[in-house]
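J.: Pasting input_16.pdb here (PDB, C-alpha atoms):
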ATOM      1  CA  GLN A   1     -39.350 -13.223 -36.834
ATOM      2  CA  ASN A   2     -41.503 -12.381 -39.762
ATOM      3  CA  VAL A   3     -40.732  -8.895 -41.033
ATOM      4  CA  ILE A   4     -42.832  -7.293 -43.746
ATOM      5  CA  LYS A   5     -41.563  -4.119 -45.369
ATOM      6  CA  LEU A   6     -44.231  -1.637 -46.329
ATOM      7  CA  THR A   7     -43.244   0.664 -49.149
ATOM      8  CA  GLY A   8     -45.154   3.257 -51.088
ATOM      9  CA  SER A   9     -44.799   5.354 -54.172
ATOM     10  CA  ARG A  10     -41.604   7.306 -54.842
ATOM     11  CA  SER A  11     -43.072  10.562 -53.561
ATOM     12  CA  PHE A  12     -44.235   8.813 -50.394
ATOM     13  CA  LEU A  13     -40.791   7.270 -49.851
ATOM     14  CA  LYS A  14     -39.079  10.623 -50.236
ATOM     15  CA  ARG A  15     -41.244  12.090 -47.477
ATOM     16  CA  CYS A  16     -41.493   9.100 -45.152
ATOM     17  CA  PRO A  17     -39.144   6.418 -43.921
ATOM     18  CA  THR A  18     -39.684   2.780 -44.781
ATOM     19  CA  LEU A  19     -41.879   1.048 -42.222
ATOM     20  CA  GLN A  20     -41.260  -2.481 -41.005
ATOM     21  CA  PHE A  21     -43.968  -4.511 -39.297
ATOM     22  CA  THR A  22     -43.076  -7.266 -36.871
ATOM     23  CA  LYS A  23     -45.524  -9.552 -35.126
ATOM     24  CA  ASN A  24     -46.187  -7.257 -32.147
ATOM     25  CA  GLN A  25     -44.689  -3.874 -32.949
ATOM     26  CA  TRP A  26     -44.021  -1.245 -35.562
ATOM     27  CA  GLN A  27     -40.421  -0.295 -36.204
ATOM     28  CA  VAL A  28     -39.299   2.678 -38.179
ATOM     29  CA  ASN A  29     -36.199   2.081 -40.258
ATOM     30  CA  ARG A  30     -34.977   5.346 -41.664
ATOM     31  CA  VAL A  31     -33.971   5.219 -45.311
ATOM     32  CA  ALA A  32     -31.686   8.254 -45.344
ATOM     33  CA  GLN A  33     -29.287   8.861 -42.490
ATOM     34  CA  PHE A  34     -26.503  11.333 -42.079
ATOM     35  CA  SER A  35     -23.126   9.902 -42.997
ATOM     36  CA  THR A  36     -21.267  11.702 -40.233
ATOM     37  CA  ALA A  37     -22.382  12.528 -36.723
ATOM     38  CA  GLN A  38     -21.821  16.072 -35.490
ATOM     39  CA  THR A  39     -19.852  15.786 -32.272
ATOM     40  CA  ALA A  40     -18.534  19.327 -31.850
ATOM     41  CA  GLY A  41     -20.362  22.624 -32.116
ATOM     42  CA  ASP A  42     -17.826  23.956 -34.639
ATOM     43  CA  ALA A  43     -18.449  21.025 -36.979
ATOM     44  CA  GLY A  44     -22.082  22.074 -37.430
ATOM     45  CA  GLU A  45     -21.106  25.635 -38.238
ATOM     46  CA  THR A  46     -18.457  24.479 -40.720
ATOM     47  CA  ASN A  47     -20.934  22.195 -42.413
ATOM     48  CA  GLU A  48     -23.453  25.045 -42.702
ATOM     49  CA  GLU A  49     -20.769  27.328 -44.128
ATOM     50  CA  GLU A  50     -19.752  24.714 -46.704
ATOM     51  CA  MET A  51     -23.388  24.210 -47.687
ATOM     52  CA  ARG A  52     -23.893  27.972 -48.027
ATOM     53  CA  LEU A  53     -20.776  28.275 -50.185
ATOM     54  CA  ALA A  54     -21.861  25.359 -52.397
ATOM     55  CA  ARG A  55     -25.311  26.933 -52.813
ATOM     56  CA  TYR A  56     -23.690  30.259 -53.715
ATOM     57  CA  LYS A  57     -21.475  28.573 -56.333
ATOM     58  CA  ARG A  58     -24.486  26.805 -57.868
ATOM     59  CA  LYS A  59     -26.299  30.151 -58.079
ATOM     60  CA  LEU A  60     -23.324  31.786 -59.794
ATOM     61  CA  LEU A  61     -23.003  28.878 -62.219
ATOM     62  CA  TYR A  62     -26.674  29.157 -63.139
ATOM     63  CA  GLN A  63     -26.442  32.921 -63.598
ATOM     64  CA  SER A  64     -23.351  32.587 -65.756
ATOM     65  CA  LYS A  65     -24.981  30.037 -68.058
ATOM     66  CA  GLN A  66     -28.333  31.833 -68.348
ATOM     67  CA  ARG A  67     -27.329  35.179 -69.794
ATOM     68  CA  GLY A  68     -29.215  37.386 -72.236
ATOM     69  CA  MET A  69     -26.720  36.954 -75.066
ATOM     70  CA  LYS A  70     -25.761  33.547 -76.429
ATOM     71  CA  GLU A  71     -22.121  34.641 -76.724
ATOM     72  CA  ASN A  72     -21.992  35.435 -73.029
ATOM     73  CA  CYS A  73     -23.728  32.167 -72.154
ATOM     74  CA  ILE A  74     -20.898  30.348 -73.901
ATOM     75  CA  LEU A  75     -17.993  32.491 -72.692
ATOM     76  CA  VAL A  76     -19.053  33.224 -69.122
ATOM     77  CA  GLY A  77     -20.726  29.842 -68.605
ATOM     78  CA  GLY A  78     -17.689  27.976 -69.929
ATOM     79  CA  PHE A  79     -15.412  30.015 -67.693
ATOM     80  CA  ALA A  80     -17.610  29.282 -64.677
ATOM     81  CA  GLU A  81     -17.699  25.542 -65.394
ATOM     82  CA  LYS A  82     -13.937  25.423 -65.584
ATOM     83  CA  TYR A  83     -12.856  27.762 -62.762
ATOM     84  CA  LEU A  84     -15.729  28.233 -60.305
ATOM     85  CA  SER A  85     -14.828  25.240 -58.146
ATOM     86  CA  THR A  86     -11.292  26.573 -57.550
ATOM     87  CA  MET A  87     -12.240  30.166 -56.662
ATOM     88  CA  ASN A  88     -11.886  31.507 -53.140
ATOM     89  CA  THR A  89     -14.460  33.780 -51.510
ATOM     90  CA  SER A  90     -12.940  37.073 -52.693
ATOM     91  CA  GLU A  91     -12.806  35.773 -56.288
ATOM     92  CA  LEU A  92     -16.407  34.604 -55.990
ATOM     93  CA  ALA A  93     -17.405  38.109 -54.901
ATOM     94  CA  GLN A  94     -15.557  39.593 -57.903
ATOM     95  CA  PHE A  95     -17.259  37.125 -60.232
ATOM     96  CA  ASP A  96     -20.665  37.929 -58.727
ATOM     97  CA  LYS A  97     -20.029  41.638 -59.246
ATOM     98  CA  LEU A  98     -19.152  40.979 -62.909
ATOM     99  CA  LEU A  99     -22.334  38.958 -63.397
ATOM    100  CA  GLN A 100     -24.409  41.938 -62.259
ATOM    101  CA  GLU A 101     -23.280  43.957 -65.304
ATOM    102  CA  ILE A 102     -25.270  44.133 -68.533
ATOM    103  CA  ASP A 103     -24.401  41.641 -71.253
ATOM    104  CA  PRO A 104     -23.264  43.906 -74.117
ATOM    105  CA  ALA A 105     -20.770  45.726 -71.885
ATOM    106  CA  LEU A 106     -19.543  42.475 -70.330
ATOM    107  CA  ASN A 107     -19.033  40.961 -73.762
ATOM    108  CA  GLU A 108     -17.019  43.980 -74.934
ATOM    109  CA  TRP A 109     -14.823  43.841 -71.836
ATOM    110  CA  ILE A 110     -14.216  40.097 -72.090
ATOM    111  CA  CYS A 111     -13.429  40.226 -75.814
ATOM    112  CA  GLY A 112     -11.061  43.173 -75.370
ATOM    113  CA  VAL A 113     -13.029  45.794 -77.315
ATOM    114  CA  HIS A 114     -12.979  48.088 -74.263
ATOM    115  CA  PRO A 115     -10.951  47.777 -71.050
ATOM    116  CA  PHE A 116     -12.628  46.723 -67.817
ATOM    117  CA  PRO A 117     -13.643  49.628 -65.562
ATOM    118  CA  PRO A 118     -11.236  50.102 -62.634
ATOM    119  CA  ASP A 119     -13.802  48.980 -60.044
ATOM    120  CA  LEU A 120     -14.397  45.678 -61.893
ATOM    121  CA  ASP A 121     -10.871  44.964 -63.079
ATOM    122  CA  GLY A 122      -9.273  42.198 -61.035
ATOM    123  CA  THR A 123      -7.907  38.705 -61.256
ATOM    124  CA  VAL A 124     -11.259  37.172 -62.222
ATOM    125  CA  ALA A 125     -11.824  39.739 -64.989
ATOM    126  CA  GLN A 126      -8.372  39.121 -66.439
ATOM    127  CA  ASN A 127      -8.831  35.336 -66.195
ATOM    128  CA  MET A 128     -12.142  35.653 -68.063
ATOM    129  CA  LYS A 129     -10.456  37.708 -70.752
ATOM    130  CA  THR A 130      -7.651  35.145 -71.081
ATOM    131  CA  PHE A 131     -10.196  32.313 -71.223
ATOM    132  CA  ALA A 132     -12.124  34.047 -74.026
ATOM    133  CA  ASN A 133      -8.959  34.677 -76.039
ATOM    134  CA  ASN A 134      -7.799  31.044 -75.811
ATOM    135  CA  ASN A 135     -10.480  29.619 -78.136
ATOM    136  CA  PRO A 136     -12.832  28.062 -75.520
ATOM    137  CA  LEU A 137     -14.934  26.317 -78.207
ATOM    138  CA  ASN A 138     -11.870  24.719 -79.810
ATOM    139  CA  TYR A 139     -12.599  26.051 -83.266
ATOM    140  CA  THR A 140     -10.243  24.955 -86.022
ATOM    141  CA  PHE A 141      -9.484  27.565 -88.631
ATOM    142  CA  VAL A 142      -9.255  26.332 -92.200
ATOM    143  CA  PRO A 143      -7.179  28.495 -94.571
TER     144      PRO A 143
END
Would it be possible to restate this file's structure as structure tokens?
T.:
Amino acid sequence: QNVIKLTGSRSFLKRCPTLQFTKNQWQVNRVAQFSTAQTAGDAGETNEEEMRLARYKRKLLYQSKQRGMKENCILVGGFAEKYLSTMNTSELAQFDKLLQEIDPALNEWICGVHPFPPDLDGTVAQNMKTFANNNPLNYTFVP
């Protein structure tokens, strides 16, 4: 059989599958297919939950890197890059609550100028403080 593949521009290919023309019929050959088939109802819910959690982590990473103060971009963003993938849901909620605070206060808490307020103090806050005190930029001090 003679098969001719019709392809288009990149934007067209992202929206549409590749078309193959045979002598008497059109066949649609899908470019992107799901790697795993969903056989159970729970598998679909789990996949949705994992996608929601990944989206939430990407949002937190973006918010931690795009702060108002450059110092916080470096400290909070570096902390997020290193530890965000290992956090559980309660730690993610703590981290999200910390990100809602204003930058000057957050910087003072992380650097140890003032203690964290009791409602924000937790494992994530203490880990951020430890991260900031352990030279995250790997500066070398010359005497």
J.: If I take atom CA of A:Cys111 and atom CA of A:Asn133, how far is one from the other in Å, to one decimal?
T.: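 Interatomic distance, atom CA of A:Cys111 to atom CA of A:Asn133: 7.1 Å.
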J.: When the PyMOL selection byres ((chain A and resi 94) around 12) is applied to the file above, which residues end up in the set, as a PyMOL selection string?
T.: chain A and resi 60+84+87-93+95-101+119-128
J.: For each of A:Lys57, A:Cys73, A:Phe79, A:Lys129, take the minimum atom-to-atom distance to A:Pro115, counting all atoms listed in the file, then give the residue where this is smallest.
T.: A:Lys129
J.: So the first atom is atom CA of A:Glu81 and the second is atom CA of A:Thr46; what is the distance between them in Å, to one decimal place?
T.: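 Result for atom CA of A:Glu81 versus atom CA of A:Thr46: 24.7 Å, one decimal.
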J.: Atom CA of A:Leu137 and atom CA of A:Lys65, how far apart in Å?
T.: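 We find that atom CA of A:Lys65 and atom CA of A:Leu137 lie 14.8 Å from each other.
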